[in-house]
Structure formats: C-alpha cells, structure tokens
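K.L.:
Okay, here's the structure, questions in a sec.
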Amino acid sequence: MKHINFRWNIAAFFLAILFSNCNKMDLQPVGEYTDDNYWLSAANSDLMVNMAYSQMYSADKMWNDEALSDNVFEGRSNTSQRIIRNGNADPSLALFRDEWKQGYEALKTCHIYLANVDRVPNMSATFKQQRIAEIRFIRAYVYFRLVNFFGAVPFSTSDINLAESRTIPRTDKAQILSFIHQELDEVMQILPSKNNLSGLDKARASKGAACALQARAYLYESNWQEVATYTDSLINNPEKFGSYSLFPDYAGLFTVANEYNSEVIFDYGYLIDKKPGLNTTTLLPCRWARA
Amino acid sequence: MLGNQAIGDYKYITRYTLFPNTYIVGDSALAGAGFVYGNEELRWETTHNSNIGIDATFLHNKLTISADYFHKRIKDILVPPAIPLAFGTQLEEFNAGEMTNQGWELNIGYRFNTGAFAHSITGNIGDSWNKVTKFDGFEQISTADNIDKLTRVGVPLNAYYGLKTDGYFQSMQEIETAALPVGLSASDLKPGDVKYVDRNNDGVIDSKDRYILGYGFPRYTFGLTYNVSFKGLDFSMFWQGVGKRDMFVRGELVEPFHENYSYVIYQHQLDYWTPTNTGARWPRLTATGSPSRQNNYGRGSDLYQFNGAYARLKNIQLGYTVPNSLTQKIGIQKARLYVNAQNLITLSKESWIDPESSEFNSNMDGAANSGRNYPTLRYYGFGLDIQF
C-alpha cells in the first residue's frame, strides 16, 4: 500500500511539471519581429518604405529594359531580353513571369504598409501623410509598369489574401490607368517640393516626380493635351514643384559627381559596392555588337 | 506513423526580416524590411509506413533469401505551394502535398564449394517508385537553366518535362513544311538542326508542346558481391549499379561551344551532323547566339536526356595469406598481401559523364545537372596486413 502511494506521488509530480511547462510556453519568438511587435516603431515602418522603393525599380531593370531595344546588347549569354528581341519568346520565358511576380511583390509591400501604418504610435500626421503619398506614388509607378507590359492585370487597392489571389480577375488597362492618374493628381498635392528634400530624402518621390510620371502616363496614351498641361505645370510652377533647369554639360549629367543635379526629376539611387546590379561590363551599345 | 523534424522554427507566425543595403541615397545604403508569411494552420507531416518481408534459408544455410516490400504514404507534406504570383509573396512550407512511395528489395546469398574453392555470392536488387497524390495548386513547373521539372498529381515527383525531338532536319524542304519554334522561320534553320514534335498540331513549337519525358529517380538499384578463396588466395569484388534512370545533363557537356563556359567542344561531341554524316548523334555545329542555336539548345528537350543506367565495379581485391606454418616461425600470427582497385570498370551508355552525378539531393530537389562535379576517382592500391 505504501508502494502504491509512492508511485502515485511520482506520477502526480511529473504531471505537475508537464502542465506547468505547457502554461508557460512562449508562443512568440523574442529574437524576431512579428506582426505583434514590428509596427510599434516609426523607424521600422520606414524600413518597409525603403523596401517598396527597392522593389519599384532597379539598375538591372534599367539596363535590361534597354536591352529589349537596339540600344544595348548584353554580350555574355542568351538572356530573356535577347530572346524577345530576336522574336523567339514564348509564354514560358522567365522574364514574363519575373516581371509579373516582382510587380505584385512591390504592390504587396505597399499594401501591407498602408494597412499597418496607422498602428505605428507617435508618428506625426504630416510625416505619415508624406510616407503614405510616397507609397501611393510607388504603387502607381508599379501599376504603370505592369499595364504597359501586360495590358489588363489583376487590380486591387488593398492587400489581397490567398483565396482572393486565386480568383481575382484582370481589370481593364484603361480603368487602372484612370486610377493611376487620380492617385498621381492626389499625391502631387501631398508630396514635398524637390526644394524641401535634402540629405537622405533626396532619393524620395517629390511633387515633381509625381507630375512628370503623370505626364509620361498620358504620353503613353497619346493624350497630348494632358501631357502639355502637366509638363507646362511642372516647368512653370517652381514655387510649387521646386526649381529645375537643364544641366549645362550633357555628358556630365550622368556622372556620380552630379547626382541629384538641377535637371534630375527623380533620381533612383545606385551604388555599385553596396547594391551591385547587373554586370555592365558585358553590355554594349548595339552598333558595336553583332546580334 | 512518423513526423519530419527538418522543419524550421516559428513557421506559423508572420515574421519581419531586415535587409541591409536595400535603397540607396547618395553614398548611403538604407536598410529595408521584408516579411515572411506565417501559416497558422501548420500541422506536422505524417508518414504511414507499412512493411512486409520474409527471411528464409535453404539447403543447410547455403542459400539465404530475404524479400521486403514497403508502402509509404506521406500526408500533409510541407512544401511551398504553387500560388498565383499576383498574391505578391511566396508562402513557406504549407501542408500542401501528399505522395506515396513504394518499393521492394530482394537479397539473395549463396555459398558453395567447388573442390578447394569456397565461393560466396550475395546479390541485392531493389526498386522504389513514388507518385504525387495531392498537390495544392495541382501542378508546378520548376525550371533550372533550361531543364523543366514537373510536380503534378498522378506523376512521380519532379518528373522531367520538355519538348520531344524528332531527329534532325535532313533537307530544306523538311524545314519548310515542319512546325518550328515560335519566332523562328524556315530561313533561320538549316539541315542538321533539331526537329521537334508538334504535340498539339498548331503549327508552332512552344511550351504547350511539352511532354513528360522521364524520371530522375533511380529504379532497380542493385549490388553484387562475390568472394572466392582457394588455399591462401582470396578474391573479392563488389559491383553496384542502377538498372533504369533518366539523367538530364545540360551545359557544355551537351552543347558544344556553350556560352560562359570556355566555348569548348569535347571529344564525345564530334559525332555531329554534316551533309555526309546525316545519321549523327548530335545536331550540326552552330554559332553562339544564332537562331539555330536557340532552336537546338534554347529550350528543354529530350536532347538533354540520357540513359543513366550503369554498373560499376566499386571494389576488387586479390589477396594472399602466407601459410601460418611459415609466419609463426618469425612470431607473426598472420601476414596477408593484397592488391585492390576501386571504380576500375564502369559500364554505362555515356562514357563522358559520371553516371553517379545527379542534380537530386536526398530531398529530390536541386538545380540542373551540368556534370561539373568532382569525378569519382579510380583508385589502385596494395597493402600488407601483419598481425603479431
């Protein structure tokens, strides 16, 4: 009888340990950011804006887009761009998939930011408004790239979940373009003038960038009247958009020393040692190459 | 029933990760942040194993036979699911798959004597095959270089997927009447270029004409050990091989003058098509970047498919043990001299590649195989065993 009691005591002891451990189990990792703790600082939320800028465009995209035309020849390998230029592309070409994927990745970053920015405590209203306008500028830019490449594409102005992503239809290009125009009109009023951007903010979207993108979007639609309206507005309102002027030395326009010069409307940052892109040593202007 | 322990932590919650050098301003590189979606419905994978086997001995232990059959059903496999790219991010492992894996193995051993010779033979042969029985999103094509692999319900995991070749064009007339890859016209090609099968008969060769071409998983793996001893002499050899396997190889070993890899041509590629060698193994030689090159090597096809069956003499050894009566006089228990060799003979259809090279790791994934692995060494040795 004594033995049985003793065994029950042991069993009860282990059961107690088992259940006390269960209750204390920590379900959130302490060493990582999660949905619960990420959005608690304005600095963290700005990191998401940086990611959106990074996903919006890249040095690779600039060179590779040129390689679709006869401006640039990529001499090292049989790239997707060369296959397109030679007319040999079919729907399995990796670039088609990648452009689509990268566009929607950037859109997701924008939408996640827009959905969560209000959770960030102690963020001044004007600062928040400016960042939201930047994100909306980036979103308009990305949609513009997508409709130019694909025409009608799945369209949403907020984050979509997995189930929605399986059923979301394509929206007409014209409808998405009218959204882009409306967004750019709005953010143009909110974004700062170029003259008010200094230091690390120089690479951020400004009023002028939104106005110039608006003009380009109308240009691609052959809406000459609107192109003239927006470009005139940008040129003739330095007090609103900031002062732009032609840089005197054309060749110098592209050198590192003249970053953010007076002719630049939107300067997408690039540093080869910090963020290496395409190896440009294999690129040639087409007239030197035999394609 | 078993689980799988090779799964990372905290996959059930959304995590944010910081990345340095995300956006550049002037000389400064700003950090950025990304997120990995968690899956709250994450469950353990489960494996249902059933095995049946027999072990038997006959003829006074001279003949031993053992046979096994296994059937394994893996449910809720954690794999990244195929999701629409419009979702905007990849999902990590998800309980998205289900597959079965079954196979058998047979081991036979036989010992016998002929005169003063004592022989022993053991052989084993086994086969296993798998099939995807459920996959969220039905199918997924993963492409590494120009080799496509398909995961589709009803088909073994990572089946090779691509165009089927139909020999080489032998005349301009043949090119003019054939379906050609999208974007190419008859004037782009020459006799000796690859002709493809137009599976859907729409007059153009494109990604809709792909077939399931083969399976990279080895079938009928076997081994054979033979030992014989005669007085002081002993001899043994061990063979190992694969009875059936499709091997896809890309790169310079298949495509002569392959870009970015020294533009070389190997000896085994010399049997190429010419007007006087119309029955050649390989298509005609073409210039880098030419339309013919794009046609012949630009997309995954069975041109990259090779027979991966092989048998290899992994080890062979001949030894001689000096009789005890001699060695004990100088205080040695046993003295044995031997010579051996490893990987001495390889029987395979393709002499130019190690048949054991494969892109597949133990999880059946990996990029395309370019045969650039360090080759299996052929080893010769000799030795002396002395026991005091």
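By order of appearance in the structure tokens: chains A, B, ..., then residues from 1 within every chain, and ligands from 1 in the order shown.
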With a cut-off of 6 Å and counting only C-alpha atoms, select all residues of chain B in contact with chain A and give the selection as a list in words.

P.N.:
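The selection requested is Thr14, Arg15, Tyr16, Thr22, Tyr23, Ile24, Val25, Gly32, Ala33, Leu85, Ala86, Phe87, Gly88, Thr89, Val182 and Gly183 of chain B.
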
K.L.:
Where does DSSP see alpha helix (DSSP H) in region 178-350 of chain B, if you list the residues as a PyMOL selection string?

P.N.:
chain B and resi 291-297+324-327

K.L.:
Using all heavy atoms, can you export the residues from the last selection as a JSON list (two decimals), in the first residue's frame?

P.N.:
```json
[["chain", "number", "residue", "atom", "x", "y", "z"],
["B", 291, "PRO", "N", 20.10, 31.76, -84.55],
["B", 291, "PRO", "CA", 18.77, 31.18, -84.40],
["B", 291, "PRO", "C", 18.80, 29.65, -84.31],
["B", 291, "PRO", "O", 18.02, 29.06, -83.57],
["B", 291, "PRO", "CB", 18.03, 31.62, -85.68],
["B", 291, "PRO", "CG", 18.79, 32.78, -86.18],
["B", 291, "PRO", "CD", 20.20, 32.60, -85.76],
["B", 292, "SER", "N", 19.73, 29.04, -85.02],
["B", 292, "SER", "CA", 19.83, 27.57, -84.94],
["B", 292, "SER", "C", 20.20, 27.13, -83.53],
["B", 292, "SER", "O", 19.71, 26.13, -83.03],
["B", 292, "SER", "CB", 20.89, 27.05, -85.91],
["B", 292, "SER", "OG", 20.47, 27.22, -87.23],
["B", 293, "ARG", "N", 21.10, 27.90, -82.91],
["B", 293, "ARG", "CA", 21.50, 27.55, -81.56],
["B", 293, "ARG", "C", 20.29, 27.65, -80.61],
["B", 293, "ARG", "O", 20.07, 26.79, -79.77],
["B", 293, "ARG", "CB", 22.62, 28.49, -81.10],
["B", 293, "ARG", "CG", 23.15, 28.18, -79.71],
["B", 293, "ARG", "CD", 23.83, 26.82, -79.62],
["B", 293, "ARG", "NE", 25.11, 26.81, -80.26],
["B", 293, "ARG", "CZ", 26.25, 27.14, -79.65],
["B", 293, "ARG", "NH1", 26.26, 27.44, -78.39],
["B", 293, "ARG", "NH2", 27.39, 27.12, -80.31],
["B", 294, "GLN", "N", 19.52, 28.70, -80.81],
["B", 294, "GLN", "CA", 18.31, 28.87, -80.00],
["B", 294, "GLN", "C", 17.36, 27.71, -80.23],
["B", 294, "GLN", "O", 16.77, 27.16, -79.32],
["B", 294, "GLN", "CB", 17.65, 30.22, -80.34],
["B", 294, "GLN", "CG", 16.28, 30.45, -79.74],
["B", 294, "GLN", "CD", 16.31, 30.55, -78.23],
["B", 294, "GLN", "OE1", 17.35, 30.77, -77.62],
["B", 294, "GLN", "NE2", 15.15, 30.36, -77.59],
["B", 295, "ASN", "N", 17.23, 27.31, -81.49],
["B", 295, "ASN", "CA", 16.35, 26.19, -81.82],
["B", 295, "ASN", "C", 16.84, 24.89, -81.18],
["B", 295, "ASN", "O", 16.08, 24.16, -80.56],
["B", 295, "ASN", "CB", 16.26, 26.04, -83.34],
["B", 295, "ASN", "CG", 15.44, 24.84, -83.76],
["B", 295, "ASN", "OD1", 14.23, 24.82, -83.63],
["B", 295, "ASN", "ND2", 16.11, 23.79, -84.24],
["B", 296, "ASN", "N", 18.13, 24.64, -81.31],
["B", 296, "ASN", "CA", 18.63, 23.32, -80.91],
["B", 296, "ASN", "C", 18.78, 23.17, -79.40],
["B", 296, "ASN", "O", 18.52, 22.11, -78.86],
["B", 296, "ASN", "CB", 19.99, 23.06, -81.57],
["B", 296, "ASN", "CG", 19.91, 23.03, -83.09],
["B", 296, "ASN", "OD1", 18.81, 23.04, -83.65],
["B", 296, "ASN", "ND2", 21.04, 23.03, -83.74],
["B", 297, "TYR", "N", 19.24, 24.24, -78.77],
["B", 297, "TYR", "CA", 19.57, 24.11, -77.35],
["B", 297, "TYR", "C", 18.80, 25.09, -76.47],
["B", 297, "TYR", "O", 18.98, 25.09, -75.26],
["B", 297, "TYR", "CB", 21.07, 24.34, -77.14],
["B", 297, "TYR", "CG", 21.93, 23.33, -77.84],
["B", 297, "TYR", "CD1", 22.57, 23.64, -79.04],
["B", 297, "TYR", "CD2", 22.07, 22.05, -77.32],
["B", 297, "TYR", "CE1", 23.35, 22.70, -79.69],
["B", 297, "TYR", "CE2", 22.85, 21.11, -77.96],
["B", 297, "TYR", "CZ", 23.49, 21.44, -79.16],
["B", 297, "TYR", "OH", 24.26, 20.51, -79.79],
["B", 324, "ASN", "N", 50.42, -20.11, -42.17],
["B", 324, "ASN", "CA", 50.75, -19.95, -40.75],
["B", 324, "ASN", "C", 52.07, -20.61, -40.37],
["B", 324, "ASN", "O", 52.84, -20.07, -39.57],
["B", 324, "ASN", "CB", 49.66, -20.62, -39.90],
["B", 324, "ASN", "CG", 48.70, -19.57, -39.39],
["B", 324, "ASN", "OD1", 48.86, -18.40, -39.71],
["B", 324, "ASN", "ND2", 47.74, -19.99, -38.60],
["B", 325, "SER", "N", 52.30, -21.80, -40.95],
["B", 325, "SER", "CA", 53.48, -22.57, -40.56],
["B", 325, "SER", "C", 54.76, -21.78, -40.82],
["B", 325, "SER", "O", 55.74, -21.89, -40.09],
["B", 325, "SER", "CB", 53.50, -23.88, -41.34],
["B", 325, "SER", "OG", 53.31, -23.60, -42.71],
["B", 326, "LEU", "N", 54.73, -20.92, -41.86],
["B", 326, "LEU", "CA", 55.92, -20.11, -42.15],
["B", 326, "LEU", "C", 56.01, -18.90, -41.24],
["B", 326, "LEU", "O", 57.04, -18.57, -40.69],
["B", 326, "LEU", "CB", 55.87, -19.63, -43.63],
["B", 326, "LEU", "CG", 56.14, -20.68, -44.69],
["B", 326, "LEU", "CD1", 55.93, -20.09, -46.08],
["B", 326, "LEU", "CD2", 57.58, -21.23, -44.56],
["B", 327, "THR", "N", 54.85, -18.20, -41.08],
["B", 327, "THR", "CA", 54.90, -16.92, -40.37],
["B", 327, "THR", "C", 55.14, -17.11, -38.88],
["B", 327, "THR", "O", 55.79, -16.28, -38.24],
["B", 327, "THR", "CB", 53.61, -16.13, -40.58],
["B", 327, "THR", "OG1", 52.52, -16.99, -40.26],
["B", 327, "THR", "CG2", 53.50, -15.61, -41.97]]
```

K.L.:
Restricting the calculation to only C-alpha atoms: of B:Tyr220, B:Phe248, B:Tyr320, B:Phe112, which residue gets closest to Asn307 (chain B)?

P.N.:
B:Phe248

K.L.:
With DSSP run on the backbone, what are the strand (DSSP E) residues within region 275-345 of chain B? I'd like them as a ChimeraX atom specification.

P.N.:
/B:305-307,310-321,334-342

K.L.:
Please produce a file of those selected residues containing N, CA and C atoms, as an mmCIF file, in the first residue's frame.

P.N.:
```cif
data_model
loop_
_atom_site.group_PDB
_atom_site.id
_atom_site.type_symbol
_atom_site.label_atom_id
_atom_site.label_comp_id
_atom_site.auth_asym_id
_atom_site.auth_seq_id
_atom_site.Cartn_x
_atom_site.Cartn_y
_atom_site.Cartn_z
ATOM 1 N N GLN B 305 18.398 14.521 -72.533
ATOM 2 C CA GLN B 305 18.041 13.337 -71.754
ATOM 3 C C GLN B 305 18.981 12.183 -72.089
ATOM 4 N N PHE B 306 19.512 11.537 -71.077
ATOM 5 C CA PHE B 306 20.434 10.443 -71.299
ATOM 6 C C PHE B 306 20.056 9.264 -70.425
ATOM 7 N N ASN B 307 20.533 8.115 -70.865
ATOM 8 C CA ASN B 307 20.270 6.897 -70.113
ATOM 9 C C ASN B 307 21.233 6.838 -68.933
ATOM 10 N N TYR B 310 23.659 2.149 -65.138
ATOM 11 C CA TYR B 310 25.079 1.816 -65.125
ATOM 12 C C TYR B 310 25.339 0.658 -64.185
ATOM 13 N N ALA B 311 26.494 0.082 -64.369
ATOM 14 C CA ALA B 311 27.013 -0.877 -63.393
ATOM 15 C C ALA B 311 28.472 -0.520 -63.195
ATOM 16 N N ARG B 312 28.895 -0.549 -61.958
ATOM 17 C CA ARG B 312 30.266 -0.104 -61.692
ATOM 18 C C ARG B 312 30.926 -1.100 -60.754
ATOM 19 N N LEU B 313 32.149 -1.455 -61.100
ATOM 20 C CA LEU B 313 32.939 -2.319 -60.230
ATOM 21 C C LEU B 313 33.531 -1.418 -59.153
ATOM 22 N N LYS B 314 32.855 -1.359 -58.005
ATOM 23 C CA LYS B 314 33.264 -0.419 -56.971
ATOM 24 C C LYS B 314 34.575 -0.855 -56.315
ATOM 25 N N ASN B 315 34.725 -2.160 -56.202
ATOM 26 C CA ASN B 315 35.891 -2.626 -55.460
ATOM 27 C C ASN B 315 36.283 -4.022 -55.944
ATOM 28 N N ILE B 316 37.546 -4.240 -56.138
ATOM 29 C CA ILE B 316 38.039 -5.576 -56.495
ATOM 30 C C ILE B 316 39.337 -5.788 -55.738
ATOM 31 N N GLN B 317 39.503 -6.993 -55.213
ATOM 32 C CA GLN B 317 40.670 -7.223 -54.355
ATOM 33 C C GLN B 317 41.167 -8.654 -54.507
ATOM 34 N N LEU B 318 42.484 -8.773 -54.552
ATOM 35 C CA LEU B 318 43.110 -10.091 -54.607
ATOM 36 C C LEU B 318 44.141 -10.147 -53.490
ATOM 37 N N GLY B 319 44.049 -11.181 -52.663
ATOM 38 C CA GLY B 319 44.973 -11.242 -51.531
ATOM 39 C C GLY B 319 45.619 -12.611 -51.397
ATOM 40 N N TYR B 320 46.726 -12.630 -50.715
ATOM 41 C CA TYR B 320 47.400 -13.903 -50.440
ATOM 42 C C TYR B 320 47.859 -13.906 -48.988
ATOM 43 N N THR B 321 47.425 -14.930 -48.265
ATOM 44 C CA THR B 321 47.838 -15.055 -46.880
ATOM 45 C C THR B 321 48.947 -16.095 -46.787
ATOM 46 N N LYS B 334 49.660 -13.569 -38.528
ATOM 47 C CA LYS B 334 49.060 -13.616 -39.839
ATOM 48 C C LYS B 334 49.712 -12.567 -40.724
ATOM 49 N N ALA B 335 50.031 -12.939 -41.936
ATOM 50 C CA ALA B 335 50.583 -11.962 -42.879
ATOM 51 C C ALA B 335 49.815 -12.095 -44.179
ATOM 52 N N ARG B 336 49.244 -10.978 -44.627
ATOM 53 C CA ARG B 336 48.441 -11.046 -45.851
ATOM 54 C C ARG B 336 48.838 -9.889 -46.760
ATOM 55 N N LEU B 337 49.093 -10.234 -48.005
ATOM 56 C CA LEU B 337 49.432 -9.254 -49.035
ATOM 57 C C LEU B 337 48.216 -9.082 -49.925
ATOM 58 N N TYR B 338 47.946 -7.876 -50.342
ATOM 59 C CA TYR B 338 46.809 -7.745 -51.268
ATOM 60 C C TYR B 338 47.007 -6.577 -52.223
ATOM 61 N N VAL B 339 46.322 -6.675 -53.353
ATOM 62 C CA VAL B 339 46.208 -5.541 -54.278
ATOM 63 C C VAL B 339 44.720 -5.279 -54.466
ATOM 64 N N ASN B 340 44.352 -4.029 -54.575
ATOM 65 C CA ASN B 340 42.938 -3.747 -54.812
ATOM 66 C C ASN B 340 42.772 -2.529 -55.708
ATOM 67 N N ALA B 341 41.581 -2.393 -56.203
ATOM 68 C CA ALA B 341 41.267 -1.238 -57.056
ATOM 69 C C ALA B 341 39.819 -0.855 -56.817
ATOM 70 N N GLN B 342 39.545 0.426 -56.931
ATOM 71 C CA GLN B 342 38.165 0.916 -56.798
ATOM 72 C C GLN B 342 37.745 1.602 -58.081
#
```
